[in-house]
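Containing compact mmCIF, N, CA and C atoms: run_32.txt.
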# COMPACT_ATOMS: atom_id res chain seq x y z
N MET Z 6 88.67 71.01 62.83
CA MET Z 6 89.66 71.94 62.35
C MET Z 6 90.14 71.48 60.99
N ALA Z 7 90.42 72.41 60.10
CA ALA Z 7 90.88 72.10 58.75
C ALA Z 7 92.25 71.44 58.80
N ALA Z 8 92.65 70.83 57.69
CA ALA Z 8 93.90 70.09 57.65
C ALA Z 8 95.12 71.01 57.78
N ARG Z 9 95.03 72.24 57.33
CA ARG Z 9 96.19 73.13 57.44
C ARG Z 9 96.11 73.89 58.76
N PRO Z 10 97.27 74.34 59.29
CA PRO Z 10 97.24 75.07 60.57
C PRO Z 10 96.46 76.38 60.43
N ILE Z 11 95.52 76.58 61.31
CA ILE Z 11 94.71 77.80 61.31
C ILE Z 11 95.24 78.76 62.36
N TYR Z 12 95.51 78.25 63.55
CA TYR Z 12 96.00 79.07 64.64
C TYR Z 12 97.53 79.07 64.66
N ASN Z 13 98.09 80.20 65.04
CA ASN Z 13 99.52 80.27 65.28
C ASN Z 13 99.77 79.68 66.67
N PRO Z 14 100.49 78.57 66.76
CA PRO Z 14 100.69 77.96 68.08
C PRO Z 14 101.44 78.87 69.05
N ASP Z 15 102.19 79.83 68.54
CA ASP Z 15 102.92 80.78 69.38
C ASP Z 15 102.14 82.08 69.56
N GLY Z 16 100.89 82.13 69.09
CA GLY Z 16 100.13 83.37 69.10
C GLY Z 16 99.15 83.54 70.25
N PHE Z 17 99.13 82.60 71.19
CA PHE Z 17 98.22 82.68 72.34
C PHE Z 17 98.94 83.35 73.52
N HIS Z 18 98.43 84.51 73.95
CA HIS Z 18 99.08 85.26 75.03
C HIS Z 18 98.05 86.06 75.80
N ASN Z 19 98.35 86.33 77.06
CA ASN Z 19 97.61 87.34 77.79
C ASN Z 19 98.15 88.70 77.36
N VAL Z 20 97.30 89.71 77.41
CA VAL Z 20 97.67 91.07 77.01
C VAL Z 20 97.86 91.90 78.28
N VAL Z 21 99.04 92.49 78.41
CA VAL Z 21 99.35 93.30 79.58
C VAL Z 21 99.47 94.76 79.14
N GLU Z 22 98.76 95.62 79.84
CA GLU Z 22 98.82 97.05 79.56
C GLU Z 22 98.98 97.79 80.89
N ASN Z 23 100.04 98.60 80.98
CA ASN Z 23 100.35 99.34 82.21
C ASN Z 23 100.44 98.41 83.42
N GLY Z 24 101.04 97.23 83.21
CA GLY Z 24 101.25 96.29 84.29
C GLY Z 24 100.03 95.48 84.70
N LYS Z 25 98.93 95.64 83.98
CA LYS Z 25 97.69 94.94 84.32
C LYS Z 25 97.26 94.06 83.13
N VAL Z 26 96.83 92.83 83.42
CA VAL Z 26 96.35 91.93 82.36
C VAL Z 26 94.93 92.37 81.99
N ILE Z 27 94.78 92.82 80.74
CA ILE Z 27 93.48 93.35 80.29
C ILE Z 27 92.71 92.39 79.39
N GLY Z 28 93.33 91.27 79.03
CA GLY Z 28 92.67 90.32 78.15
C GLY Z 28 93.64 89.30 77.61
N TYR Z 29 93.24 88.68 76.52
CA TYR Z 29 94.11 87.70 75.87
C TYR Z 29 93.99 87.87 74.36
N GLU Z 30 94.96 87.29 73.65
CA GLU Z 30 94.93 87.38 72.19
C GLU Z 30 95.35 86.06 71.59
N PHE Z 31 94.95 85.91 70.34
CA PHE Z 31 95.37 84.76 69.55
C PHE Z 31 95.50 85.20 68.11
N GLN Z 32 96.19 84.40 67.33
CA GLN Z 32 96.37 84.69 65.91
C GLN Z 32 95.83 83.52 65.11
N PHE Z 33 95.05 83.87 64.06
CA PHE Z 33 94.59 82.81 63.16
C PHE Z 33 94.45 83.33 61.74
N LYS Z 34 94.32 82.39 60.81
CA LYS Z 34 94.30 82.71 59.39
C LYS Z 34 92.87 82.75 58.86
N ALA Z 35 92.67 83.58 57.84
CA ALA Z 35 91.38 83.63 57.15
C ALA Z 35 91.14 82.29 56.47
N GLN Z 36 89.92 81.83 56.53
CA GLN Z 36 89.59 80.55 55.93
C GLN Z 36 88.97 80.68 54.55
N TYR Z 37 88.92 81.91 54.04
CA TYR Z 37 88.42 82.12 52.68
C TYR Z 37 89.61 82.16 51.73
N TYR Z 38 89.55 81.43 50.66
CA TYR Z 38 90.70 81.18 49.81
C TYR Z 38 91.26 82.41 49.08
N ARG Z 39 90.55 83.51 49.06
CA ARG Z 39 91.01 84.68 48.31
C ARG Z 39 91.57 85.78 49.19
N GLY Z 40 91.47 85.65 50.49
CA GLY Z 40 91.75 86.78 51.36
C GLY Z 40 90.57 87.72 51.27
N VAL Z 41 90.44 88.64 52.22
CA VAL Z 41 89.24 89.46 52.26
C VAL Z 41 89.55 90.89 52.68
N THR Z 42 88.72 91.82 52.19
CA THR Z 42 88.74 93.15 52.76
C THR Z 42 87.99 93.05 54.09
N LEU Z 43 88.31 93.92 55.02
CA LEU Z 43 87.70 93.81 56.34
C LEU Z 43 86.20 94.03 56.32
N SER Z 44 85.71 94.79 55.34
CA SER Z 44 84.28 95.10 55.30
C SER Z 44 83.39 93.88 55.07
N ILE Z 45 83.94 92.78 54.57
CA ILE Z 45 83.09 91.60 54.37
C ILE Z 45 83.20 90.59 55.50
N VAL Z 46 84.06 90.88 56.48
CA VAL Z 46 84.11 90.05 57.69
C VAL Z 46 83.00 90.56 58.59
N ARG Z 47 81.91 89.83 58.65
CA ARG Z 47 80.74 90.28 59.39
C ARG Z 47 80.80 89.98 60.88
N ASP Z 48 81.57 88.93 61.24
CA ASP Z 48 81.63 88.59 62.65
C ASP Z 48 82.81 87.66 62.91
N ILE Z 49 83.35 87.78 64.10
CA ILE Z 49 84.29 86.83 64.67
C ILE Z 49 83.70 86.48 66.03
N LYS Z 50 83.31 85.23 66.19
CA LYS Z 50 82.75 84.79 67.47
C LYS Z 50 83.81 83.96 68.18
N VAL Z 51 83.97 84.21 69.46
CA VAL Z 51 84.98 83.50 70.24
C VAL Z 51 84.31 82.80 71.41
N ASN Z 52 84.56 81.51 71.51
CA ASN Z 52 84.11 80.71 72.64
C ASN Z 52 85.37 80.13 73.28
N MET Z 53 85.64 80.57 74.50
CA MET Z 53 86.83 80.11 75.20
C MET Z 53 86.40 79.22 76.37
N ASP Z 54 86.88 78.00 76.33
CA ASP Z 54 86.58 77.04 77.41
C ASP Z 54 85.09 76.91 77.66
N GLY Z 55 84.30 76.92 76.58
CA GLY Z 55 82.85 76.72 76.68
C GLY Z 55 82.05 77.97 76.97
N LYS Z 56 82.71 79.13 77.02
CA LYS Z 56 81.99 80.37 77.32
C LYS Z 56 82.14 81.35 76.15
N ASP Z 57 81.00 81.87 75.65
CA ASP Z 57 81.03 82.86 74.57
C ASP Z 57 81.54 84.19 75.10
N GLU Z 58 82.44 84.80 74.33
CA GLU Z 58 82.94 86.13 74.70
C GLU Z 58 82.03 87.19 74.07
N PRO Z 59 81.75 88.27 74.78
CA PRO Z 59 80.89 89.32 74.24
C PRO Z 59 81.51 89.98 73.00
N ARG Z 60 80.71 90.19 71.98
CA ARG Z 60 81.16 90.80 70.73
C ARG Z 60 81.86 92.13 70.96
N GLU Z 61 81.33 92.93 71.88
CA GLU Z 61 81.89 94.26 72.11
C GLU Z 61 83.28 94.21 72.75
N ASN Z 62 83.71 93.04 73.22
CA ASN Z 62 85.03 92.89 73.82
C ASN Z 62 86.08 92.37 72.84
N ILE Z 63 85.70 92.17 71.60
CA ILE Z 63 86.60 91.59 70.61
C ILE Z 63 87.18 92.69 69.72
N ARG Z 64 88.50 92.63 69.54
CA ARG Z 64 89.23 93.55 68.65
C ARG Z 64 89.96 92.72 67.61
N PHE Z 65 90.11 93.29 66.42
CA PHE Z 65 90.72 92.59 65.29
C PHE Z 65 91.85 93.45 64.75
N SER Z 66 93.04 92.88 64.64
CA SER Z 66 94.21 93.64 64.17
C SER Z 66 94.82 92.98 62.94
N VAL Z 67 95.05 93.82 61.93
CA VAL Z 67 95.72 93.38 60.71
C VAL Z 67 96.43 94.59 60.12
N ASN Z 68 97.58 94.37 59.51
CA ASN Z 68 98.37 95.43 58.88
C ASN Z 68 98.66 96.59 59.82
N GLY Z 69 98.87 96.28 61.10
CA GLY Z 69 99.24 97.29 62.07
C GLY Z 69 98.11 98.15 62.60
N GLU Z 70 96.87 97.85 62.25
CA GLU Z 70 95.72 98.62 62.74
C GLU Z 70 94.76 97.70 63.48
N THR Z 71 94.08 98.26 64.46
CA THR Z 71 93.14 97.50 65.28
C THR Z 71 91.75 98.11 65.14
N PHE Z 72 90.75 97.23 65.03
CA PHE Z 72 89.36 97.64 64.83
C PHE Z 72 88.44 96.86 65.75
N THR Z 73 87.31 97.48 66.12
CA THR Z 73 86.23 96.71 66.73
C THR Z 73 85.56 95.95 65.58
N LEU Z 74 84.73 94.98 65.91
CA LEU Z 74 84.04 94.25 64.84
C LEU Z 74 83.08 95.16 64.10
N ASP Z 75 82.45 96.10 64.78
CA ASP Z 75 81.55 97.04 64.10
C ASP Z 75 82.33 97.98 63.17
N GLU Z 76 83.51 98.41 63.59
CA GLU Z 76 84.32 99.28 62.74
C GLU Z 76 84.77 98.56 61.47
N MET Z 77 85.02 97.26 61.56
CA MET Z 77 85.49 96.51 60.40
C MET Z 77 84.52 96.60 59.23
N SER Z 78 83.24 96.65 59.51
CA SER Z 78 82.25 96.67 58.42
C SER Z 78 82.31 97.97 57.62
N THR Z 79 82.96 98.99 58.16
CA THR Z 79 83.05 100.28 57.46
C THR Z 79 84.39 100.48 56.76
N VAL Z 80 85.32 99.54 56.91
CA VAL Z 80 86.66 99.69 56.34
C VAL Z 80 86.63 99.26 54.88
N ILE Z 81 86.74 100.22 53.98
CA ILE Z 81 86.74 99.89 52.55
C ILE Z 81 88.12 100.09 51.93
N ASP Z 82 89.06 100.61 52.69
CA ASP Z 82 90.42 100.84 52.22
C ASP Z 82 91.07 99.49 51.94
N SER Z 83 91.56 99.30 50.73
CA SER Z 83 92.16 98.01 50.35
C SER Z 83 93.49 97.77 51.05
N ASP Z 84 94.03 98.75 51.76
CA ASP Z 84 95.25 98.54 52.54
C ASP Z 84 94.98 97.63 53.73
N TYR Z 85 93.73 97.52 54.12
CA TYR Z 85 93.37 96.70 55.26
C TYR Z 85 92.67 95.44 54.78
N ARG Z 86 93.49 94.49 54.37
CA ARG Z 86 92.99 93.20 53.90
C ARG Z 86 93.53 92.12 54.82
N TRP Z 87 92.74 91.07 54.95
CA TRP Z 87 93.17 89.88 55.67
C TRP Z 87 93.48 88.86 54.58
N GLU Z 88 94.74 88.80 54.21
CA GLU Z 88 95.16 87.96 53.09
C GLU Z 88 95.18 86.49 53.48
N PHE Z 89 94.86 85.65 52.52
CA PHE Z 89 94.91 84.21 52.72
C PHE Z 89 96.33 83.82 53.13
N GLY Z 90 96.45 83.03 54.18
CA GLY Z 90 97.76 82.58 54.63
C GLY Z 90 98.42 83.48 55.65
N GLU Z 91 97.87 84.67 55.88
CA GLU Z 91 98.45 85.59 56.87
C GLU Z 91 97.65 85.54 58.17
N TYR Z 92 98.38 85.64 59.26
CA TYR Z 92 97.71 85.66 60.56
C TYR Z 92 97.17 87.05 60.87
N ALA Z 93 95.98 87.10 61.42
CA ALA Z 93 95.43 88.31 62.03
C ALA Z 93 95.44 88.06 63.53
N THR Z 94 95.48 89.13 64.30
CA THR Z 94 95.45 89.01 65.75
C THR Z 94 94.07 89.40 66.27
N VAL Z 95 93.49 88.53 67.06
CA VAL Z 95 92.22 88.81 67.71
C VAL Z 95 92.50 88.99 69.20
N THR Z 96 92.07 90.13 69.72
CA THR Z 96 92.23 90.43 71.14
C THR Z 96 90.85 90.40 71.79
N VAL Z 97 90.77 89.73 72.92
CA VAL Z 97 89.54 89.68 73.69
C VAL Z 97 89.80 90.42 75.01
N LEU Z 98 89.07 91.51 75.21
CA LEU Z 98 89.22 92.27 76.45
C LEU Z 98 88.51 91.51 77.56
N LYS Z 99 89.30 91.10 78.55
CA LYS Z 99 88.76 90.30 79.67
C LYS Z 99 89.70 90.48 80.85
N GLU Z 100 89.21 91.15 81.86
CA GLU Z 100 90.03 91.44 83.03
C GLU Z 100 90.67 90.16 83.56
N GLY Z 101 91.98 90.18 83.70
CA GLY Z 101 92.71 89.02 84.20
C GLY Z 101 93.15 88.06 83.13
N GLY Z 102 92.61 88.19 81.90
CA GLY Z 102 93.01 87.31 80.80
C GLY Z 102 92.66 85.86 81.06
N LEU Z 103 93.57 84.98 80.66
CA LEU Z 103 93.38 83.54 80.84
C LEU Z 103 94.33 83.02 81.91
N SER Z 104 93.85 82.06 82.68
CA SER Z 104 94.70 81.45 83.70
C SER Z 104 95.77 80.60 83.04
N ALA Z 105 96.85 80.37 83.77
CA ALA Z 105 97.90 79.48 83.28
C ALA Z 105 97.31 78.07 83.16
N GLY Z 106 97.70 77.37 82.10
CA GLY Z 106 97.23 76.01 81.92
C GLY Z 106 96.62 75.79 80.55
N LYS Z 107 95.86 74.70 80.44
CA LYS Z 107 95.27 74.29 79.16
C LYS Z 107 93.93 74.97 78.94
N HIS Z 108 93.67 75.28 77.65
CA HIS Z 108 92.43 75.94 77.25
C HIS Z 108 91.97 75.36 75.92
N HIS Z 109 90.69 75.56 75.63
CA HIS Z 109 90.10 75.15 74.35
C HIS Z 109 89.41 76.37 73.74
N ILE Z 110 89.75 76.66 72.50
CA ILE Z 110 89.14 77.79 71.80
C ILE Z 110 88.34 77.27 70.61
N ASN Z 111 87.19 77.89 70.41
CA ASN Z 111 86.35 77.65 69.25
C ASN Z 111 85.98 79.04 68.73
N ALA Z 112 86.53 79.40 67.59
CA ALA Z 112 86.25 80.71 67.01
C ALA Z 112 85.61 80.53 65.64
N LEU Z 113 84.65 81.38 65.36
CA LEU Z 113 83.93 81.31 64.09
C LEU Z 113 84.23 82.57 63.28
N GLN Z 114 84.59 82.38 62.02
CA GLN Z 114 84.75 83.48 61.07
C GLN Z 114 83.50 83.51 60.20
N HIS Z 115 82.79 84.64 60.21
CA HIS Z 115 81.58 84.80 59.40
C HIS Z 115 81.89 85.85 58.33
N ILE Z 116 82.01 85.39 57.09
CA ILE Z 116 82.42 86.24 55.96
C ILE Z 116 81.31 86.25 54.93
N GLU Z 117 81.00 87.46 54.40
CA GLU Z 117 79.93 87.59 53.41
C GLU Z 117 80.42 88.31 52.16
N PRO Z 118 81.06 87.58 51.24
CA PRO Z 118 81.45 88.19 49.96
C PRO Z 118 80.21 88.60 49.18
N SER Z 119 80.23 89.79 48.59
CA SER Z 119 79.05 90.32 47.90
C SER Z 119 78.67 89.49 46.67
N TYR Z 120 79.61 88.79 46.09
CA TYR Z 120 79.35 88.03 44.87
C TYR Z 120 78.93 86.58 45.15
N MET Z 121 78.80 86.23 46.44
CA MET Z 121 78.38 84.88 46.80
C MET Z 121 76.92 84.92 47.24
N PRO Z 122 76.13 83.93 46.91
CA PRO Z 122 74.72 83.93 47.30
C PRO Z 122 74.48 83.51 48.75
N PHE Z 123 75.55 83.22 49.48
CA PHE Z 123 75.42 82.77 50.86
C PHE Z 123 76.67 83.19 51.64
N PRO Z 124 76.55 83.34 52.95
CA PRO Z 124 77.73 83.66 53.77
C PRO Z 124 78.60 82.42 53.96
N ILE Z 125 79.82 82.64 54.36
CA ILE Z 125 80.77 81.56 54.61
C ILE Z 125 81.11 81.58 56.09
N ASP Z 126 80.81 80.49 56.77
CA ASP Z 126 81.15 80.34 58.18
C ASP Z 126 82.24 79.29 58.31
N ALA Z 127 83.31 79.65 58.97
CA ALA Z 127 84.40 78.70 59.22
C ALA Z 127 84.60 78.60 60.72
N VAL Z 128 84.39 77.41 61.25
CA VAL Z 128 84.60 77.15 62.66
C VAL Z 128 86.03 76.65 62.82
N CYS Z 129 86.76 77.29 63.72
CA CYS Z 129 88.16 76.95 63.92
C CYS Z 129 88.37 76.66 65.41
N GLU Z 130 88.82 75.47 65.73
CA GLU Z 130 89.01 75.16 67.15
C GLU Z 130 90.29 74.41 67.38
N THR Z 131 90.81 74.58 68.58
CA THR Z 131 92.03 73.89 68.97
C THR Z 131 92.21 73.97 70.47
N ASP Z 132 93.12 73.16 70.97
CA ASP Z 132 93.54 73.21 72.36
C ASP Z 132 94.90 73.89 72.40
N PHE Z 133 95.18 74.62 73.46
CA PHE Z 133 96.46 75.31 73.61
C PHE Z 133 96.75 75.50 75.09
N GLU Z 134 97.94 75.97 75.38
CA GLU Z 134 98.34 76.18 76.76
C GLU Z 134 98.98 77.54 76.93
N ILE Z 135 98.65 78.21 78.01
CA ILE Z 135 99.24 79.52 78.35
C ILE Z 135 100.30 79.28 79.41
Written as structure tokens, that's how I'd like the structure from this file.
Amino acid sequence: MAARPIYNPDGFHNVVENGKVIGYEFQFKAQYYRGVTLSIVRDIKVNMDGKDEPRENIRFSVNGETFTLDEMSTVIDSDYRWEFGEYATVTVLKEGGLSAGKHHINALQHIEPSYMPFPIDAVCETDFEI
């Protein structure tokens, strides 16, 4: 994990909808120094407690809007930016969410700025408790 805080320590929660736990969420910061438009975020991979979460179950929220990872690639509106230093919320749809107790998360941000000759992968991991 990088020297600066990546995850919001208060941002790990189960998500409850209509009285039912439908998944969990966490908040973390973009690891690219300029902030990014959503269209260059090519992937967010989540591994929780050693298990990869399916891409189709991941949602990304910033500036009050929520997108699937596939939808993010089509967002060209500059109102939807993930600014450096700001937390975005990642929701993982998973029936029952996370059990109470300690967990380990390893999330990868895959960003492809058009002016860079290579993609930028940032692995972000930490331990937390629900």
I'd like to know which residues of chain Z are alpha helix (DSSP H) (by DSSP, run on the backbone); could you write them as an mmCIF file with N, CA and C atoms, in the frame of the given file?
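The resulting part_21.cif:
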data_model
loop_
_atom_site.group_PDB
_atom_site.id
_atom_site.type_symbol
_atom_site.label_atom_id
_atom_site.label_comp_id
_atom_site.auth_asym_id
_atom_site.auth_seq_id
_atom_site.Cartn_x
_atom_site.Cartn_y
_atom_site.Cartn_z
ATOM 1 N N LEU Z 74 84.730 94.980 65.910
ATOM 2 C CA LEU Z 74 84.040 94.250 64.840
ATOM 3 C C LEU Z 74 83.080 95.160 64.100
ATOM 4 N N ASP Z 75 82.450 96.100 64.780
ATOM 5 C CA ASP Z 75 81.550 97.040 64.100
ATOM 6 C C ASP Z 75 82.330 97.980 63.170
ATOM 7 N N GLU Z 76 83.510 98.410 63.590
ATOM 8 C CA GLU Z 76 84.320 99.280 62.740
ATOM 9 C C GLU Z 76 84.770 98.560 61.470
ATOM 10 N N MET Z 77 85.020 97.260 61.560
ATOM 11 C CA MET Z 77 85.490 96.510 60.400
ATOM 12 C C MET Z 77 84.520 96.600 59.230
#
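One finds atom N of Z:Ile27 at 4.9 Å from atom N of Z:Gly101.
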Strand (DSSP E) call set, DSSP backbone run, chain Z, as a compact mmCIF listing (two decimals) with N, CA and C atoms, keeping the file's coordinate frame:
# COMPACT_ATOMS: atom_id res chain seq x y z
N HIS Z 18 98.43 84.51 73.95
CA HIS Z 18 99.08 85.26 75.03
C HIS Z 18 98.05 86.06 75.80
N ASN Z 19 98.35 86.33 77.06
CA ASN Z 19 97.61 87.34 77.79
C ASN Z 19 98.15 88.70 77.36
N VAL Z 20 97.30 89.71 77.41
CA VAL Z 20 97.67 91.07 77.01
C VAL Z 20 97.86 91.90 78.28
N VAL Z 21 99.04 92.49 78.41
CA VAL Z 21 99.35 93.30 79.58
C VAL Z 21 99.47 94.76 79.14
N GLU Z 22 98.76 95.62 79.84
CA GLU Z 22 98.82 97.05 79.56
C GLU Z 22 98.98 97.79 80.89
N LYS Z 25 98.93 95.64 83.98
CA LYS Z 25 97.69 94.94 84.32
C LYS Z 25 97.26 94.06 83.13
N VAL Z 26 96.83 92.83 83.42
CA VAL Z 26 96.35 91.93 82.36
C VAL Z 26 94.93 92.37 81.99
N ILE Z 27 94.78 92.82 80.74
CA ILE Z 27 93.48 93.35 80.29
C ILE Z 27 92.71 92.39 79.39
N GLY Z 28 93.33 91.27 79.03
CA GLY Z 28 92.67 90.32 78.15
C GLY Z 28 93.64 89.30 77.61
N TYR Z 29 93.24 88.68 76.52
CA TYR Z 29 94.11 87.70 75.87
C TYR Z 29 93.99 87.87 74.36
N GLU Z 30 94.96 87.29 73.65
CA GLU Z 30 94.93 87.38 72.19
C GLU Z 30 95.35 86.06 71.59
N PHE Z 31 94.95 85.91 70.34
CA PHE Z 31 95.37 84.76 69.55
C PHE Z 31 95.50 85.20 68.11
N GLN Z 32 96.19 84.40 67.33
CA GLN Z 32 96.37 84.69 65.91
C GLN Z 32 95.83 83.52 65.11
N PHE Z 33 95.05 83.87 64.06
CA PHE Z 33 94.59 82.81 63.16
C PHE Z 33 94.45 83.33 61.74
N LYS Z 34 94.32 82.39 60.81
CA LYS Z 34 94.30 82.71 59.39
C LYS Z 34 92.87 82.75 58.86
N VAL Z 41 90.44 88.64 52.22
CA VAL Z 41 89.24 89.46 52.26
C VAL Z 41 89.55 90.89 52.68
N THR Z 42 88.72 91.82 52.19
CA THR Z 42 88.74 93.15 52.76
C THR Z 42 87.99 93.05 54.09
N VAL Z 46 84.06 90.88 56.48
CA VAL Z 46 84.11 90.05 57.69
C VAL Z 46 83.00 90.56 58.59
N ARG Z 47 81.91 89.83 58.65
CA ARG Z 47 80.74 90.28 59.39
C ARG Z 47 80.80 89.98 60.88
N ASP Z 48 81.57 88.93 61.24
CA ASP Z 48 81.63 88.59 62.65
C ASP Z 48 82.81 87.66 62.91
N ILE Z 49 83.35 87.78 64.10
CA ILE Z 49 84.29 86.83 64.67
C ILE Z 49 83.70 86.48 66.03
N LYS Z 50 83.31 85.23 66.19
CA LYS Z 50 82.75 84.79 67.47
C LYS Z 50 83.81 83.96 68.18
N VAL Z 51 83.97 84.21 69.46
CA VAL Z 51 84.98 83.50 70.24
C VAL Z 51 84.31 82.80 71.41
N ASN Z 52 84.56 81.51 71.51
CA ASN Z 52 84.11 80.71 72.64
C ASN Z 52 85.37 80.13 73.28
N MET Z 53 85.64 80.57 74.50
CA MET Z 53 86.83 80.11 75.20
C MET Z 53 86.40 79.22 76.37
N LYS Z 56 82.71 79.13 77.02
CA LYS Z 56 81.99 80.37 77.32
C LYS Z 56 82.14 81.35 76.15
N ASP Z 57 81.00 81.87 75.65
CA ASP Z 57 81.03 82.86 74.57
C ASP Z 57 81.54 84.19 75.10
N ILE Z 63 85.70 92.17 71.60
CA ILE Z 63 86.60 91.59 70.61
C ILE Z 63 87.18 92.69 69.72
N ARG Z 64 88.50 92.63 69.54
CA ARG Z 64 89.23 93.55 68.65
C ARG Z 64 89.96 92.72 67.61
N PHE Z 65 90.11 93.29 66.42
CA PHE Z 65 90.72 92.59 65.29
C PHE Z 65 91.85 93.45 64.75
N SER Z 66 93.04 92.88 64.64
CA SER Z 66 94.21 93.64 64.17
C SER Z 66 94.82 92.98 62.94
N VAL Z 67 95.05 93.82 61.93
CA VAL Z 67 95.72 93.38 60.71
C VAL Z 67 96.43 94.59 60.12
N GLU Z 70 96.87 97.85 62.25
CA GLU Z 70 95.72 98.62 62.74
C GLU Z 70 94.76 97.70 63.48
N THR Z 71 94.08 98.26 64.46
CA THR Z 71 93.14 97.50 65.28
C THR Z 71 91.75 98.11 65.14
N PHE Z 72 90.75 97.23 65.03
CA PHE Z 72 89.36 97.64 64.83
C PHE Z 72 88.44 96.86 65.75
N THR Z 73 87.31 97.48 66.12
CA THR Z 73 86.23 96.71 66.73
C THR Z 73 85.56 95.95 65.58
N ARG Z 86 93.49 94.49 54.37
CA ARG Z 86 92.99 93.20 53.90
C ARG Z 86 93.53 92.12 54.82
N TRP Z 87 92.74 91.07 54.95
CA TRP Z 87 93.17 89.88 55.67
C TRP Z 87 93.48 88.86 54.58
N TYR Z 92 98.38 85.64 59.26
CA TYR Z 92 97.71 85.66 60.56
C TYR Z 92 97.17 87.05 60.87
N ALA Z 93 95.98 87.10 61.42
CA ALA Z 93 95.43 88.31 62.03
C ALA Z 93 95.44 88.06 63.53
N THR Z 94 95.48 89.13 64.30
CA THR Z 94 95.45 89.01 65.75
C THR Z 94 94.07 89.40 66.27
N VAL Z 95 93.49 88.53 67.06
CA VAL Z 95 92.22 88.81 67.71
C VAL Z 95 92.50 88.99 69.20
N THR Z 96 92.07 90.13 69.72
CA THR Z 96 92.23 90.43 71.14
C THR Z 96 90.85 90.40 71.79
N VAL Z 97 90.77 89.73 72.92
CA VAL Z 97 89.54 89.68 73.69
C VAL Z 97 89.80 90.42 75.01
N LEU Z 98 89.07 91.51 75.21
CA LEU Z 98 89.22 92.27 76.45
C LEU Z 98 88.51 91.51 77.56
N LYS Z 107 95.86 74.70 80.44
CA LYS Z 107 95.27 74.29 79.16
C LYS Z 107 93.93 74.97 78.94
N HIS Z 108 93.67 75.28 77.65
CA HIS Z 108 92.43 75.94 77.25
C HIS Z 108 91.97 75.36 75.92
N HIS Z 109 90.69 75.56 75.63
CA HIS Z 109 90.10 75.15 74.35
C HIS Z 109 89.41 76.37 73.74
N ILE Z 110 89.75 76.66 72.50
CA ILE Z 110 89.14 77.79 71.80
C ILE Z 110 88.34 77.27 70.61
N ASN Z 111 87.19 77.89 70.41
CA ASN Z 111 86.35 77.65 69.25
C ASN Z 111 85.98 79.04 68.73
N ALA Z 112 86.53 79.40 67.59
CA ALA Z 112 86.25 80.71 67.01
C ALA Z 112 85.61 80.53 65.64
N LEU Z 113 84.65 81.38 65.36
CA LEU Z 113 83.93 81.31 64.09
C LEU Z 113 84.23 82.57 63.28
N GLN Z 114 84.59 82.38 62.02
CA GLN Z 114 84.75 83.48 61.07
C GLN Z 114 83.50 83.51 60.20
N HIS Z 115 82.79 84.64 60.21
CA HIS Z 115 81.58 84.80 59.40
C HIS Z 115 81.89 85.85 58.33
N ILE Z 116 82.01 85.39 57.09
CA ILE Z 116 82.42 86.24 55.96
C ILE Z 116 81.31 86.25 54.93
N ILE Z 125 79.82 82.64 54.36
CA ILE Z 125 80.77 81.56 54.61
C ILE Z 125 81.11 81.58 56.09
N ASP Z 126 80.81 80.49 56.77
CA ASP Z 126 81.15 80.34 58.18
C ASP Z 126 82.24 79.29 58.31
N ALA Z 127 83.31 79.65 58.97
CA ALA Z 127 84.40 78.70 59.22
C ALA Z 127 84.60 78.60 60.72
N VAL Z 128 84.39 77.41 61.25
CA VAL Z 128 84.60 77.15 62.66
C VAL Z 128 86.03 76.65 62.82
N CYS Z 129 86.76 77.29 63.72
CA CYS Z 129 88.16 76.95 63.92
C CYS Z 129 88.37 76.66 65.41
N GLU Z 130 88.82 75.47 65.73
CA GLU Z 130 89.01 75.16 67.15
C GLU Z 130 90.29 74.41 67.38
N THR Z 131 90.81 74.58 68.58
CA THR Z 131 92.03 73.89 68.97
C THR Z 131 92.21 73.97 70.47
N ASP Z 132 93.12 73.16 70.97
CA ASP Z 132 93.54 73.21 72.36
C ASP Z 132 94.90 73.89 72.40
N PHE Z 133 95.18 74.62 73.46
CA PHE Z 133 96.46 75.31 73.61
C PHE Z 133 96.75 75.50 75.09
N GLU Z 134 97.94 75.97 75.38
CA GLU Z 134 98.34 76.18 76.76
C GLU Z 134 98.98 77.54 76.93
Next on the checklist: For Z:Tyr12, find every residue with an atom within 8 Å (counting all atoms listed in the file), except residues of its own chain fewer than 2 positions away, and show them as a list of chain:residue names.
Outcome noted: Z:Arg9, Z:Pro10, Z:Pro14, Z:Asp15, Z:Gly16, Z:Phe17, Z:Phe31, Z:Gln32, Z:Phe33, Z:Lys34, Z:Tyr92, Z:Cys129, Z:Glu130, Z:Thr131
Item to check | For Z:Asp132, the nearest of the candidates Z:Asp54, Z:His109, Z:Gln114, Z:Tyr120, counting all atoms listed in the file | outcome: Z:His109
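A straight line drawn from atom C of Z:Val97 to atom CA of Z:Gly40 is 24.0 Å long.
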Next on the checklist: Ranking Z:Met121, Z:Leu103, Z:Val80, Z:Leu98 by minimum distance to Z:Ile63 and counting all atoms listed in the file, which one comes first?
Outcome noted: Z:Leu98
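The shortest atom-to-atom distance to Z:Lys56, with only C-alpha atoms taken into account, belongs to Z:Ala112 out of Z:Phe123, Z:Thr96, Z:Glu30, Z:Ala112.
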Item to check | Counting only C-alpha atoms, the residue of Z:Met77, Z:Val41, Z:Ile125, Z:Val51 that sits nearest Z:Phe89 | outcome: Z:Val41
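You will find atom N of Z:Leu113 at 14.1 Å from atom N of Z:Asn62.
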Checklist outcome for this item: For Z:Ala93, the closest of Z:Gly28, Z:Gly106, Z:Gly69, Z:Pro124 counting only C-alpha atoms is Z:Gly69
Checklist outcome for this item: Using only C-alpha atoms, the residue out of Z:Glu100, Z:Glu76, Z:Glu61, Z:Gln36 with shortest distance to Z:Glu88 is Z:Gln36
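Non-sequential neighbours of Z:Gly102 (distance at most 6 Å, separation of 4 or more positions within a chain, only C-alpha atoms) are Asn19, Val26, Gly28 and Tyr29 of chain Z.
The neighbours of Z:Leu74 here are the residues that come within 8 Å of it, using only N, CA and C atoms and leaving out any residue fewer than 5 positions away in the same chain; they are Z:Val46, Z:Arg47, Z:Asp48, Z:Ile49, Z:Arg60, Z:Glu61, Z:Asn62, Z:Ile63, Z:Arg64, Z:Phe65, Z:Thr79.
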